[in-house]
$ cat target37.tsv   # TSV, C-alpha atoms
chain	number	residue	atom	x	y	z
A	1	MET	CA	92.59	139.37	-317.00
A	2	LYS	CA	96.01	138.67	-315.50
A	3	ILE	CA	94.57	138.67	-312.00
A	4	LYS	CA	91.86	136.24	-313.08
A	5	ILE	CA	94.44	133.78	-314.40
A	6	LEU	CA	96.51	134.15	-311.26
A	7	SER	CA	93.59	133.59	-308.91
A	8	SER	CA	92.29	130.57	-310.80
A	9	PHE	CA	95.83	129.17	-310.80
A	10	LEU	CA	96.01	129.67	-307.04
A	11	VAL	CA	92.67	127.94	-306.51
A	12	ILE	CA	93.82	124.98	-308.58
A	13	VAL	CA	97.10	124.69	-306.68
A	14	PHE	CA	95.35	124.83	-303.33
A	15	LEU	CA	92.78	122.27	-304.46
A	16	LEU	CA	95.58	119.97	-305.58
A	17	ILE	CA	97.39	120.29	-302.26
A	18	PHE	CA	94.14	119.80	-300.38
A	19	ILE	CA	93.36	116.59	-302.27
A	20	VAL	CA	96.86	115.19	-301.69
A	21	PHE	CA	96.78	115.89	-297.97
A	22	TYR	CA	93.19	114.71	-297.61
A	23	LYS	CA	94.11	111.41	-299.22
A	24	GLY	CA	97.20	111.19	-297.05
A	25	LEU	CA	95.03	111.60	-293.99
A	26	LYS	CA	93.24	108.37	-294.79
A	27	ASN	CA	96.42	106.35	-295.22
A	28	SER	CA	97.34	104.16	-292.31
A	29	ASN	CA	100.32	105.52	-290.43
A	30	ILE	CA	100.98	102.19	-288.76
A	31	TYR	CA	103.99	100.57	-290.33
A	32	THR	CA	103.24	97.23	-291.95
A	33	PRO	CA	106.30	95.35	-293.14
A	34	ASP	CA	106.43	93.43	-296.38
A	35	VAL	CA	105.99	89.70	-295.81
A	36	ASP	CA	106.25	88.25	-299.31
A	37	ILE	CA	109.85	88.93	-299.96
A	38	GLU	CA	112.60	87.26	-301.88
A	39	LYS	CA	115.89	87.87	-300.19
A	40	ASP	CA	119.12	86.04	-299.75
A	41	ILE	CA	119.96	84.25	-296.56
A	42	PRO	CA	122.05	86.59	-294.44
A	43	PHE	CA	125.62	85.74	-293.58
A	44	PHE	CA	126.36	85.33	-289.90
A	45	LYS	CA	128.27	83.28	-287.36
A	46	ALA	CA	126.60	81.85	-284.29
A	47	GLN	CA	127.07	79.53	-281.38
A	48	PHE	CA	125.18	76.25	-281.03
A	49	PHE	CA	122.55	75.89	-278.33
A	50	ASN	CA	123.93	72.71	-276.81
A	51	SER	CA	127.64	73.04	-277.42
A	52	SER	CA	130.18	75.82	-277.43
A	53	ASN	CA	131.05	75.33	-281.11
A	54	GLN	CA	130.52	78.08	-283.64
A	55	ILE	CA	128.78	77.62	-286.96
A	56	LYS	CA	128.59	79.79	-290.09
A	57	SER	CA	125.26	80.35	-291.82
A	58	VAL	CA	126.53	78.77	-295.05
A	59	ASN	CA	127.04	75.51	-293.16
A	60	ILE	CA	123.47	75.50	-291.85
A	61	PHE	CA	121.69	76.00	-295.18
A	62	THR	CA	123.58	73.47	-297.23
A	63	ASP	CA	121.00	72.12	-299.69
A	64	ASP	CA	118.13	73.46	-301.79
A	65	ASN	CA	115.46	71.97	-299.56
A	66	PHE	CA	112.92	73.83	-297.49
A	67	TYR	CA	114.02	75.36	-294.23
A	68	ILE	CA	112.06	77.12	-291.56
A	69	VAL	CA	113.90	79.58	-289.37
A	70	ASN	CA	112.03	80.28	-286.17
A	71	ILE	CA	113.10	82.97	-283.72
A	72	TRP	CA	111.89	82.00	-280.26
A	73	SER	CA	112.46	82.55	-276.59
A	74	SER	CA	111.26	80.92	-273.39
A	75	TRP	CA	110.07	84.26	-271.99
A	76	CYS	CA	107.88	84.93	-275.01
A	77	VAL	CA	104.26	83.90	-274.44
A	78	PRO	CA	103.16	83.79	-278.13
A	79	CYS	CA	106.04	81.35	-278.74
A	80	ARG	CA	104.23	78.83	-276.54
A	81	GLU	CA	101.12	79.22	-278.68
A	82	GLU	CA	102.89	78.55	-281.96
A	83	HIS	CA	105.04	75.73	-280.65
A	84	SER	CA	102.46	73.00	-281.34
A	85	PHE	CA	102.48	73.96	-285.05
A	86	LEU	CA	106.26	73.62	-285.21
A	87	VAL	CA	105.99	70.19	-283.58
A	88	LYS	CA	103.44	69.20	-286.24
A	89	LEU	CA	105.74	70.48	-289.02
A	90	LYS	CA	108.59	68.36	-287.69
A	91	LYS	CA	107.28	65.18	-289.35
A	92	TYR	CA	107.76	66.56	-292.89
A	93	LYS	CA	110.93	64.99	-294.23
A	94	ASN	CA	111.74	67.68	-296.82
A	95	LEU	CA	111.75	70.41	-294.20
A	96	LYS	CA	114.36	71.35	-291.64
A	97	ILE	CA	113.50	73.60	-288.72
A	98	ILE	CA	116.21	75.91	-287.45
A	99	GLY	CA	115.65	77.65	-284.13
A	100	ILE	CA	117.21	80.94	-283.14
A	101	ASN	CA	117.09	81.28	-279.38
A	102	TYR	CA	116.63	85.03	-278.83
A	103	LYS	CA	118.04	86.78	-275.72
A	104	ASP	CA	117.23	83.88	-273.48
A	105	ASN	CA	118.40	82.25	-270.30
A	106	LEU	CA	119.81	78.84	-271.28
A	107	ASP	CA	118.28	76.95	-268.37
A	108	ASN	CA	114.84	78.40	-268.99
A	109	ALA	CA	115.13	77.58	-272.69
A	110	LYS	CA	115.95	73.95	-271.86
A	111	ILE	CA	112.97	73.71	-269.51
A	112	PHE	CA	110.77	75.19	-272.27
A	113	LEU	CA	111.91	72.51	-274.75
A	114	ASN	CA	111.54	69.68	-272.22
A	115	GLU	CA	108.03	70.81	-271.43
A	116	LEU	CA	106.74	71.36	-274.97
A	117	SER	CA	109.12	68.99	-276.88
A	118	ASP	CA	111.87	70.02	-279.24
A	119	PRO	CA	110.92	70.39	-282.93
A	120	TYR	CA	114.21	71.94	-284.03
A	121	ASP	CA	116.87	70.21	-286.12
A	122	THR	CA	119.43	72.82	-285.13
A	123	ILE	CA	119.28	75.58	-282.55
A	124	ILE	CA	121.66	78.51	-282.51
A	125	LEU	CA	122.03	81.21	-279.90
A	126	ASP	CA	121.41	84.92	-280.30
A	127	GLN	CA	122.32	86.46	-276.97
A	128	ASP	CA	122.38	90.11	-277.99
A	129	GLY	CA	119.74	90.07	-280.75
A	130	THR	CA	122.10	90.97	-283.58
A	131	ILE	CA	121.50	87.77	-285.54
A	132	ALA	CA	117.79	88.56	-285.54
A	133	ILE	CA	118.69	91.94	-287.07
A	134	GLU	CA	120.71	90.16	-289.78
A	135	TRP	CA	117.43	88.47	-290.66
A	136	GLY	CA	115.57	91.76	-290.61
A	137	ALA	CA	113.41	90.57	-287.74
A	138	TYR	CA	111.36	92.79	-285.45
A	139	GLY	CA	111.15	90.61	-282.37
A	140	VAL	CA	109.92	87.24	-281.17
A	141	PRO	CA	108.33	85.14	-282.49
A	142	GLU	CA	109.16	85.46	-286.14
A	143	THR	CA	109.41	82.75	-288.79
A	144	PHE	CA	111.12	82.65	-292.18
A	145	ILE	CA	110.47	80.09	-294.88
A	146	ILE	CA	113.42	79.33	-297.12
A	147	ASN	CA	113.58	77.50	-300.41
A	148	LYS	CA	116.54	77.17	-302.77
A	149	LYS	CA	118.59	79.37	-300.43
A	150	LYS	CA	116.15	82.29	-300.71
A	151	ILE	CA	113.78	83.61	-298.09
A	152	ILE	CA	110.38	83.24	-299.73
A	153	LYS	CA	108.09	84.25	-296.90
A	154	LYS	CA	108.14	85.58	-293.40
A	155	ILE	CA	105.59	85.39	-290.63
A	156	ILE	CA	105.71	88.13	-288.04
A	157	GLY	CA	104.19	87.03	-284.77
A	158	PRO	CA	103.07	83.54	-283.81
A	159	ILE	CA	102.23	80.94	-286.47
A	160	ASN	CA	98.47	80.40	-286.57
A	161	GLU	CA	96.23	77.80	-288.23
A	162	ILE	CA	96.16	79.75	-291.52
A	163	ASN	CA	99.95	80.16	-291.65
A	164	PHE	CA	100.33	76.47	-290.81
A	165	LEU	CA	98.16	75.45	-293.78
A	166	GLU	CA	100.07	77.89	-296.00
A	167	ILE	CA	103.40	76.38	-294.99
A	168	LYS	CA	102.04	72.87	-295.60
A	169	GLU	CA	100.92	73.93	-299.06
A	170	ILE	CA	104.27	75.52	-299.89
A	171	ILE	CA	106.35	72.50	-298.91
A	172	GLN	CA	104.19	69.93	-300.68
B	173	MET	CA	161.49	110.61	-263.94
B	174	LYS	CA	158.44	109.74	-261.91
B	175	LEU	CA	156.75	112.90	-263.08
B	176	LEU	CA	157.41	111.97	-266.69
B	177	LYS	CA	155.90	108.53	-266.14
B	178	TYR	CA	152.82	110.04	-264.55
B	179	SER	CA	152.39	112.61	-267.28
B	180	ILE	CA	152.70	109.93	-269.96
B	181	PHE	CA	150.13	107.86	-268.12
B	182	ILE	CA	147.75	110.81	-267.81
B	183	PHE	CA	148.26	111.74	-271.45
B	184	TYR	CA	147.50	108.15	-272.45
B	185	LEU	CA	144.34	108.15	-270.35
B	186	LEU	CA	143.17	111.45	-271.82
B	187	SER	CA	143.75	110.42	-275.42
B	188	PHE	CA	142.06	107.09	-274.77
B	189	ASN	CA	139.01	108.88	-273.43
B	190	LEU	CA	138.90	111.20	-276.37
B	191	ILE	CA	138.65	108.37	-278.89
B	192	GLY	CA	135.86	106.80	-276.87
B	193	ALA	CA	133.93	110.05	-276.62
B	194	GLU	CA	134.04	110.60	-280.38
B	195	ASN	CA	132.58	107.18	-280.98
B	196	ILE	CA	129.89	107.76	-278.37
B	197	ASP	CA	128.84	110.98	-280.09
B	198	LEU	CA	128.62	109.28	-283.45
B	199	HIS	CA	126.76	106.36	-281.89
B	200	LYS	CA	124.28	108.81	-280.40
B	201	LYS	CA	123.84	110.60	-283.72
B	202	ILE	CA	123.23	107.39	-285.65
B	203	THR	CA	120.79	105.86	-283.16
B	204	LYS	CA	118.90	109.16	-282.98
B	205	SER	CA	118.30	109.13	-286.72
B	206	LEU	CA	117.02	105.56	-286.76
B	207	ARG	CA	113.36	104.85	-286.20
B	208	CYS	CA	112.46	102.18	-283.68
B	209	LEU	CA	110.20	100.03	-285.84
B	210	ILE	CA	108.20	98.39	-283.10
B	211	CYS	CA	107.57	101.49	-280.98
B	212	GLN	CA	105.59	104.19	-282.76
B	213	GLY	CA	107.12	107.65	-282.73
B	214	GLN	CA	110.39	106.87	-280.96
B	215	SER	CA	113.93	106.75	-282.16
B	216	VAL	CA	116.21	103.80	-281.45
B	217	TYR	CA	118.15	106.08	-279.08
B	218	ASP	CA	115.06	106.89	-276.99
B	219	SER	CA	113.66	103.39	-276.88
B	220	ASP	CA	114.50	100.62	-274.47
B	221	SER	CA	112.74	97.84	-276.39
B	222	GLU	CA	114.54	94.60	-277.22
B	223	PHE	CA	114.63	95.62	-280.87
B	224	ALA	CA	116.19	99.02	-280.16
B	225	ASN	CA	118.71	97.58	-277.74
B	226	SER	CA	119.87	95.07	-280.34
B	227	ILE	CA	120.26	97.83	-282.92
B	228	LYS	CA	122.36	99.81	-280.43
B	229	VAL	CA	124.63	96.81	-279.88
B	230	LEU	CA	124.90	96.33	-283.64
B	231	VAL	CA	125.74	100.00	-284.33
B	232	ASP	CA	128.38	99.84	-281.62
B	233	ARG	CA	129.93	96.74	-283.18
B	234	LYS	CA	129.89	98.20	-286.69
B	235	LEU	CA	131.58	101.40	-285.47
B	236	LYS	CA	134.27	99.34	-283.79
B	237	GLU	CA	134.75	97.43	-287.05
B	238	GLY	CA	135.49	100.81	-288.60
B	239	GLN	CA	132.35	101.29	-290.69
B	240	ASN	CA	131.16	104.82	-291.26
B	241	GLU	CA	127.73	106.34	-290.73
B	242	ASN	CA	126.43	105.86	-294.27
B	243	GLU	CA	127.55	102.24	-294.42
B	244	ILE	CA	125.54	101.52	-291.28
B	245	TYR	CA	122.48	103.31	-292.68
B	246	ASP	CA	122.75	101.38	-295.96
B	247	TYR	CA	123.08	98.10	-294.09
B	248	LEU	CA	119.95	98.73	-292.02
B	249	LYS	CA	118.05	100.05	-295.04
B	250	ASP	CA	118.81	96.82	-296.83
B	251	LYS	CA	117.41	94.82	-293.90
B	252	TYR	CA	114.38	96.88	-292.94
B	253	GLY	CA	113.71	99.28	-295.80
B	254	GLU	CA	113.71	103.06	-296.10
B	255	TRP	CA	111.30	103.42	-293.18
B	256	ILE	CA	113.99	102.83	-290.57
B	257	LEU	CA	115.68	106.13	-291.51
B	258	TYR	CA	114.13	109.31	-290.16
B	259	ASP	CA	115.56	111.37	-292.99
B	260	PRO	CA	113.98	110.18	-296.25
B	261	LYS	CA	116.40	110.05	-299.15
B	262	PHE	CA	115.82	112.08	-302.32
B	263	ASN	CA	114.38	109.68	-304.90
B	264	GLU	CA	111.36	109.34	-307.21
B	265	ASN	CA	109.06	108.55	-304.29
B	266	THR	CA	110.03	111.63	-302.36
B	267	TYR	CA	110.40	114.28	-305.11
B	268	PHE	CA	107.08	115.80	-304.14
B	269	LEU	CA	107.93	115.81	-300.44
B	270	TRP	CA	111.25	117.58	-300.94
B	271	LEU	CA	110.23	119.95	-303.73
B	272	LEU	CA	106.84	121.10	-302.40
B	273	PRO	CA	108.21	123.65	-299.89
B	274	VAL	CA	110.57	125.08	-302.53
B	275	LEU	CA	107.70	125.26	-305.02
B	276	ILE	CA	105.42	127.02	-302.57
B	277	PHE	CA	108.21	129.45	-301.70
B	278	ILE	CA	108.78	130.30	-305.37
B	279	ILE	CA	105.07	130.70	-306.13
B	280	GLY	CA	104.58	132.87	-303.05
B	281	GLY	CA	107.56	134.99	-304.03
B	282	ALA	CA	106.20	135.39	-307.55
B	283	ILE	CA	102.83	136.52	-306.23
B	284	LEU	CA	104.42	139.06	-303.90
B	285	PHE	CA	106.72	140.34	-306.63
B	286	LYS	CA	103.83	140.67	-309.08
B	287	SER	CA	101.56	142.49	-306.67
B	288	PHE	CA	104.35	144.98	-305.84
B	289	ILE	CA	104.99	145.63	-309.51
B	290	ILE	CA	101.28	146.07	-310.18
B	291	LYS	CA	100.94	148.48	-307.22
B	292	ARG	CA	103.93	150.53	-308.33
B	293	ASN	CA	102.55	150.83	-311.83
$ encode --input "target37.tsv" --output "structure tokens"
Amino acid sequence: MKIKILSSFLVIVFLLIFIVFYKGLKNSNIYTPDVDIEKDIPFFKAQFFNSSNQIKSVNIFTDDNFYIVNIWSSWCVPCREEHSFLVKLKKYKNLKIIGINYKDNLDNAKIFLNELSDPYDTIILDQDGTIAIEWGAYGVPETFIINKKKIIKKIIGPINEINFLEIKEIIQ
Amino acid sequence: MKLLKYSIFIFYLLSFNLIGAENIDLHKKITKSLRCLICQGQSVYDSDSEFANSIKVLVDRKLKEGQNENEIYDYLKDKYGEWILYDPKFNENTYFLWLLPVLIFIIGGAILFKSFIIKRN
């Protein structure tokens, strides 16, 4: 009798473990970050793109309007793809576009902007990539949408048609 | 007098090096226990991606600012979530993970103990 209880208990335990691991096997092991987040704007200090002055993050995001923070670089090919969407977003008056120039060569970055036009209201420099980390970014390109001084959405990778329509809907 | 000067200089050099080496070891330890999020299966220490290099610079800066290991982990966890740490913390999501080996050990021990007792009787 005792042995019967023990063996059935064992079978149940093994079944349980089997089910857990079998289910785990089907989970994706590719990390997918959360994109609908509500976080505060990080605090940082950075240098302007076209002057040697420093600016604090609190002086960039001064009002409750919409902001888009776009991390870009001239060496990044997907940034070229998304650039036309940023140029289209420029005409919205209640939206400011902040560029973070990520680990770039200044001359190349200027050529990039001359070639594809400059949609940014402010550009700051991130020479060693640490400001991107303050934002919790993974690489370039990456875009954050900010409203009332909170990050409400982030887009990892280039902005596409769907993201563009989403952004338009959010800011209207 | 000259000898004294030299020995002071050498002593200074040695002590200077020692401080640096300690920080390097800690830097190595921290970056080895951080997961490089854009390269599957590599630590920040092993990776040479832009992301990993930036994290290395950041860890270096934080150590120089005098922050300790746990403060750096907490900072990065806040930015990127639990996944960036190789060692998962003990919380309600990981109870099962941490307790399963202990549970199996206890059950196995109980079975062994029981079978010995039964045999002896």
$ interface_residues --input "target37.tsv" --of "chain A" --to "chain B" --cutoff "10 Å" --atoms "only C-alpha atoms" --output "list of chain:residue names"
A:Ile3, A:Leu6, A:Leu10, A:Val13, A:Ile17, A:Asn29, A:Ile30, A:Tyr31, A:Thr32, A:Pro33, A:Asp34, A:Lys39, A:Pro42, A:Tyr102, A:Lys103, A:Gln127, A:Asp128, A:Gly129, A:Thr130, A:Ile131, A:Ala132, A:Ile133, A:Glu134, A:Trp135, A:Gly136, A:Ala137, A:Tyr138, A:Gly139, A:Val140
$ residues_around --input "target37.tsv" --residues "Asp232 (chain B)" --least-positions-apart "6" --cutoff "9 Å" --atoms "only C-alpha atoms" --output "ChimeraX atom specification"
/B:195-196,199
$ atom_distance --input "target37.tsv" --atom1 "CA of Lys45 (chain A)" --atom2 "CA of Ile100 (chain A)"
12.1 Å
$ closest_residue --input "target37.tsv" --among "A:Ile12, A:Leu116, A:Ile55, A:Ile5" --to "His83 (chain A)" --atoms "all atoms listed in the file"
A:Leu116
$ axis_aligned_box --input "target37.tsv" --around "region 37-52 of chain A" --padding-each-side "8 Å" --output "AutoDock Vina command-line options"
--center_x 120.0 --center_y 80.8 --center_z -289.3 --size_x 36.3 --size_y 32.2 --size_z 41.1
$ atom_distance --input "target37.tsv" --atom1 "CA of Trp72 (chain A)" --atom2 "CA of Asn101 (chain A)"
5.3 Å
